[in-house]
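Trainee: Mind looking over this structure? Questions follow.
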Amino acid sequence: MRNLKFPKHIKNIGIEGVLGVGKTTIAKIIAERCNGRLILEEAESNPFLPLFYRDKKKYAFQTQLWFLISRYRQLSQAFVQMDLFYDVNVFDYIFAKDRIFATINLEENELALYNNIASVLEERIPVLDYVIYLQASTDVLLKRIAKRGRHYEKDIDEDYIEQLNQAYNQFFFHYSDSPLLIINTNDIDFVKKAGDLEEILNEIAKSLPGTHFFTPPDSKTKIFFDDKKRGSEEQI
């Protein structure tokens with residue numbers, strides 16, 4: 001198992017991507033490999049989320065405001081209370097994601113009010129040192145969402161995920177606040193295949209400045225050495 005070592009100036013790492021892409025899984029692995037403190041989004045604690053997926057128009061503002069306050073509280077506390085026992089903070093979201101959802105979900109008057117509140121809070125959140133964006137097609141995202149079977153996601157429709165996916169891609173196409181690594185995850189399975197995971201981690205560990213894109217070779221036609229060592233002949 002490969003340990004990760006980041007440069008000393010990298011203390012706060014954010015993992016992003018549309019729901020279902022695997023950002024929480026990668027965040028957990030990175031935190032484990034680099035002696036990082038893991039900070040997970042409190043999505044399942046949002047009491048409005050199941051209602052939102054059933055009636056977006058009616059519950060969008062309550063849902064969005066709850067997330068805005070929750071994310072602000074989590075991030076502000078994590079930055080202020082840096083744990084001396086850990087080398088880095090690893091977040092499975094970035095604060096800016098809230099505006100992506102708000103732009104899609106809120107009506108014009110709701111969005112204006114939201115933006116007034118969000119602008120005040122954003123000024124108090126430090127910029128992350130490194131951001132990793134996991135990218136996938138809408139079809140792949142829908143399959144992964146269905147596979148994980150979360151009860152409050154059963155009412156998600158394809159059009160919403162497509163709209164969200166486009167918004168994320170647009171946002172990160174213009175993102176420049178932090179060093180950014182964009183990873184295409186369409187043809188890999190970093191949960192089941194150790195080779196796929198190690199290839200991603202190797203790229204993440206480079207922590208290069210600027211914006212970089214990484215498209216792993218198609219894992220369906222690739223055999224990794226670690227699989228051979230386990231005596232497996234399976235092509236992954």
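Naming works like this for the structure tokens: A, B, ... for the chains as they're shown, residue 1 at the start of each chain, ligands 1 onward in shown order.
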At a cut-off of 12 Å, using only C-alpha atoms, what residues contact Asp83 (chain A)? Leave out same-chain residues fewer than 2 positions from it and give the result as a ChimeraX atom specification.
Mentor: /A:11-12,35-39,77-81,85-90
Trainee: Using N, CA and C atoms, can you export the residues from the last selection as a PDB file, in the first residue's frame?
Mentor:
```pdb
ATOM      1  N   LYS A  11      -1.740  21.918   2.913  1.00  0.00           N
ATOM      2  CA  LYS A  11      -2.336  21.569   4.198  1.00  0.00           C
ATOM      3  C   LYS A  11      -3.834  21.263   4.089  1.00  0.00           C
ATOM      4  N   ASN A  12      -4.480  21.749   3.033  1.00  0.00           N
ATOM      5  CA  ASN A  12      -5.927  21.567   2.871  1.00  0.00           C
ATOM      6  C   ASN A  12      -6.235  21.132   1.442  1.00  0.00           C
ATOM      7  N   ASN A  35      -1.821  10.425   6.329  1.00  0.00           N
ATOM      8  CA  ASN A  35      -2.026  10.882   7.698  1.00  0.00           C
ATOM      9  C   ASN A  35      -2.852  12.168   7.716  1.00  0.00           C
ATOM     10  N   GLY A  36      -3.980  12.114   7.037  1.00  0.00           N
ATOM     11  CA  GLY A  36      -4.830  13.285   6.917  1.00  0.00           C
ATOM     12  C   GLY A  36      -6.058  13.212   7.799  1.00  0.00           C
ATOM     13  N   ARG A  37      -6.535  14.365   8.205  1.00  0.00           N
ATOM     14  CA  ARG A  37      -7.799  14.437   8.934  1.00  0.00           C
ATOM     15  C   ARG A  37      -8.932  14.533   7.911  1.00  0.00           C
ATOM     16  N   LEU A  38      -9.848  13.600   7.960  1.00  0.00           N
ATOM     17  CA  LEU A  38     -10.940  13.523   6.989  1.00  0.00           C
ATOM     18  C   LEU A  38     -12.130  14.351   7.460  1.00  0.00           C
ATOM     19  N   ILE A  39     -12.590  15.255   6.600  1.00  0.00           N
ATOM     20  CA  ILE A  39     -13.786  16.050   6.888  1.00  0.00           C
ATOM     21  C   ILE A  39     -14.813  15.757   5.805  1.00  0.00           C
ATOM     22  N   GLN A  77     -14.461  25.844  10.954  1.00  0.00           N
ATOM     23  CA  GLN A  77     -13.920  25.171  12.140  1.00  0.00           C
ATOM     24  C   GLN A  77     -12.668  24.376  11.798  1.00  0.00           C
ATOM     25  N   ALA A  78     -12.667  23.715  10.650  1.00  0.00           N
ATOM     26  CA  ALA A  78     -11.527  22.881  10.265  1.00  0.00           C
ATOM     27  C   ALA A  78     -10.288  23.725  10.012  1.00  0.00           C
ATOM     28  N   PHE A  79     -10.459  24.873   9.384  1.00  0.00           N
ATOM     29  CA  PHE A  79      -9.313  25.730   9.102  1.00  0.00           C
ATOM     30  C   PHE A  79      -8.747  26.342  10.383  1.00  0.00           C
ATOM     31  N   VAL A  80      -9.619  26.730  11.281  1.00  0.00           N
ATOM     32  CA  VAL A  80      -9.181  27.367  12.521  1.00  0.00           C
ATOM     33  C   VAL A  80      -8.555  26.356  13.467  1.00  0.00           C
ATOM     34  N   GLN A  81      -9.143  25.162  13.535  1.00  0.00           N
ATOM     35  CA  GLN A  81      -8.704  24.149  14.490  1.00  0.00           C
ATOM     36  C   GLN A  81      -7.886  23.059  13.796  1.00  0.00           C
ATOM     37  N   PHE A  85      -2.030  16.447  15.148  1.00  0.00           N
ATOM     38  CA  PHE A  85      -1.734  15.033  14.964  1.00  0.00           C
ATOM     39  C   PHE A  85      -1.839  14.610  13.495  1.00  0.00           C
ATOM     40  N   TYR A  86      -2.331  15.509  12.639  1.00  0.00           N
ATOM     41  CA  TYR A  86      -2.491  15.193  11.218  1.00  0.00           C
ATOM     42  C   TYR A  86      -1.649  16.137  10.369  1.00  0.00           C
ATOM     43  N   ASP A  87      -1.225  15.642   9.200  1.00  0.00           N
ATOM     44  CA  ASP A  87      -0.411  16.456   8.296  1.00  0.00           C
ATOM     45  C   ASP A  87      -1.254  17.377   7.424  1.00  0.00           C
ATOM     46  N   VAL A  88      -2.446  16.915   7.031  1.00  0.00           N
ATOM     47  CA  VAL A  88      -3.310  17.707   6.145  1.00  0.00           C
ATOM     48  C   VAL A  88      -4.774  17.515   6.523  1.00  0.00           C
ATOM     49  N   ASN A  89      -5.610  18.428   6.074  1.00  0.00           N
ATOM     50  CA  ASN A  89      -7.064  18.254   6.092  1.00  0.00           C
ATOM     51  C   ASN A  89      -7.495  17.766   4.715  1.00  0.00           C
ATOM     52  N   VAL A  90      -8.353  16.772   4.670  1.00  0.00           N
ATOM     53  CA  VAL A  90      -8.881  16.254   3.402  1.00  0.00           C
ATOM     54  C   VAL A  90     -10.401  16.390   3.434  1.00  0.00           C
TER      55      VAL A  90
END
```
Trainee: Got a sec to tell me which of chain A DSSP assigns to strand (DSSP E or B), as a PyMOL selection string?
Mentor: chain A and resi 12-16+36-39+88-91+130-135+180-184+211-214
Trainee: Once you have the residues from the selection above, write them out as a PDB file, in the first residue's frame, restricted to C-alpha atoms.
Mentor:
```
ATOM      1  CA  ASN A  12      -5.927  21.567   2.871  1.00  0.00           C
ATOM      2  CA  ILE A  13      -7.074  19.319   0.021  1.00  0.00           C
ATOM      3  CA  GLY A  14     -10.550  19.293  -1.507  1.00  0.00           C
ATOM      4  CA  ILE A  15     -12.082  16.453  -3.544  1.00  0.00           C
ATOM      5  CA  GLU A  16     -14.977  17.349  -5.832  1.00  0.00           C
ATOM      6  CA  GLY A  36      -4.830  13.285   6.917  1.00  0.00           C
ATOM      7  CA  ARG A  37      -7.799  14.437   8.934  1.00  0.00           C
ATOM      8  CA  LEU A  38     -10.940  13.523   6.989  1.00  0.00           C
ATOM      9  CA  ILE A  39     -13.786  16.050   6.888  1.00  0.00           C
ATOM     10  CA  VAL A  88      -3.310  17.707   6.145  1.00  0.00           C
ATOM     11  CA  ASN A  89      -7.064  18.254   6.092  1.00  0.00           C
ATOM     12  CA  VAL A  90      -8.881  16.254   3.402  1.00  0.00           C
ATOM     13  CA  PHE A  91     -12.385  17.489   2.493  1.00  0.00           C
ATOM     14  CA  TYR A 130      -5.052  21.627  -3.777  1.00  0.00           C
ATOM     15  CA  VAL A 131      -8.300  20.536  -5.470  1.00  0.00           C
ATOM     16  CA  ILE A 132      -9.047  17.250  -7.245  1.00  0.00           C
ATOM     17  CA  TYR A 133     -12.075  17.083  -9.533  1.00  0.00           C
ATOM     18  CA  LEU A 134     -13.344  13.600 -10.405  1.00  0.00           C
ATOM     19  CA  GLN A 135     -15.163  13.721 -13.714  1.00  0.00           C
ATOM     20  CA  LEU A 180      -6.372  21.656  -9.827  1.00  0.00           C
ATOM     21  CA  LEU A 181      -6.188  18.066 -11.034  1.00  0.00           C
ATOM     22  CA  ILE A 182      -9.089  16.844 -13.205  1.00  0.00           C
ATOM     23  CA  ILE A 183      -9.382  13.059 -13.458  1.00  0.00           C
ATOM     24  CA  ASN A 184     -11.631  11.304 -15.952  1.00  0.00           C
ATOM     25  CA  THR A 211      -4.485  22.952 -13.863  1.00  0.00           C
ATOM     26  CA  HIS A 212      -3.822  19.440 -15.139  1.00  0.00           C
ATOM     27  CA  PHE A 213      -5.996  16.804 -16.815  1.00  0.00           C
ATOM     28  CA  PHE A 214      -5.524  13.075 -16.350  1.00  0.00           C
TER      29      PHE A 214
END
```
Trainee: Pick out the residues sitting within 12 Å of Lys147 (chain A), and hand them over as a list in words; count only C-alpha atoms, and ignore anything fewer than 6 positions along from it in its own chain.
Mentor: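 Skipping anything fewer than 6 positions along the chain leaves Gly20, Val21, Gly22, Val140, Leu141, Glu153 and Lys154 of chain A.
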Trainee: Applying 12 Å and only C-alpha atoms, which residues near Glu123 (chain A) remain after dropping the ones on its own chain fewer than 4 positions away? List them as a compact mmCIF listing (two decimals) with N, CA and C atoms, in the first residue's frame.
Mentor:
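result01.txt, written as the output of this step:
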```txt
# COMPACT_ATOMS: atom_id res chain seq x y z
N TYR A 72 -20.27 25.98 5.62
CA TYR A 72 -19.51 27.09 6.19
C TYR A 72 -19.01 26.74 7.59
N SER A 76 -15.00 26.41 8.28
CA SER A 76 -14.41 27.45 9.13
C SER A 76 -13.80 26.83 10.39
N PHE A 95 -16.14 24.62 -0.74
CA PHE A 95 -17.24 25.52 -0.42
C PHE A 95 -17.92 26.07 -1.67
N ALA A 96 -17.15 26.26 -2.72
CA ALA A 96 -17.69 26.85 -3.95
C ALA A 96 -18.76 25.97 -4.60
N ASN A 116 -26.48 36.92 -1.64
CA ASN A 116 -26.13 37.92 -0.62
C ASN A 116 -25.53 37.26 0.62
N ILE A 117 -26.15 36.15 1.03
CA ILE A 117 -25.65 35.44 2.22
C ILE A 117 -24.33 34.74 1.91
N ALA A 118 -24.27 34.05 0.78
CA ALA A 118 -23.08 33.28 0.41
C ALA A 118 -21.86 34.17 0.24
N SER A 119 -22.04 35.36 -0.31
CA SER A 119 -20.91 36.27 -0.55
C SER A 119 -20.23 36.67 0.76
N VAL A 127 -8.69 29.82 0.91
CA VAL A 127 -8.59 29.06 -0.33
C VAL A 127 -7.87 27.73 -0.05
```
Trainee: One number please: CA of Ile200 (chain A) to CA of Val18 (chain A), in Å, one decimal.
Mentor: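 Taking CA of Ile200 (chain A) as the start and CA of Val18 (chain A) as the end point, the length is 17.8 Å.
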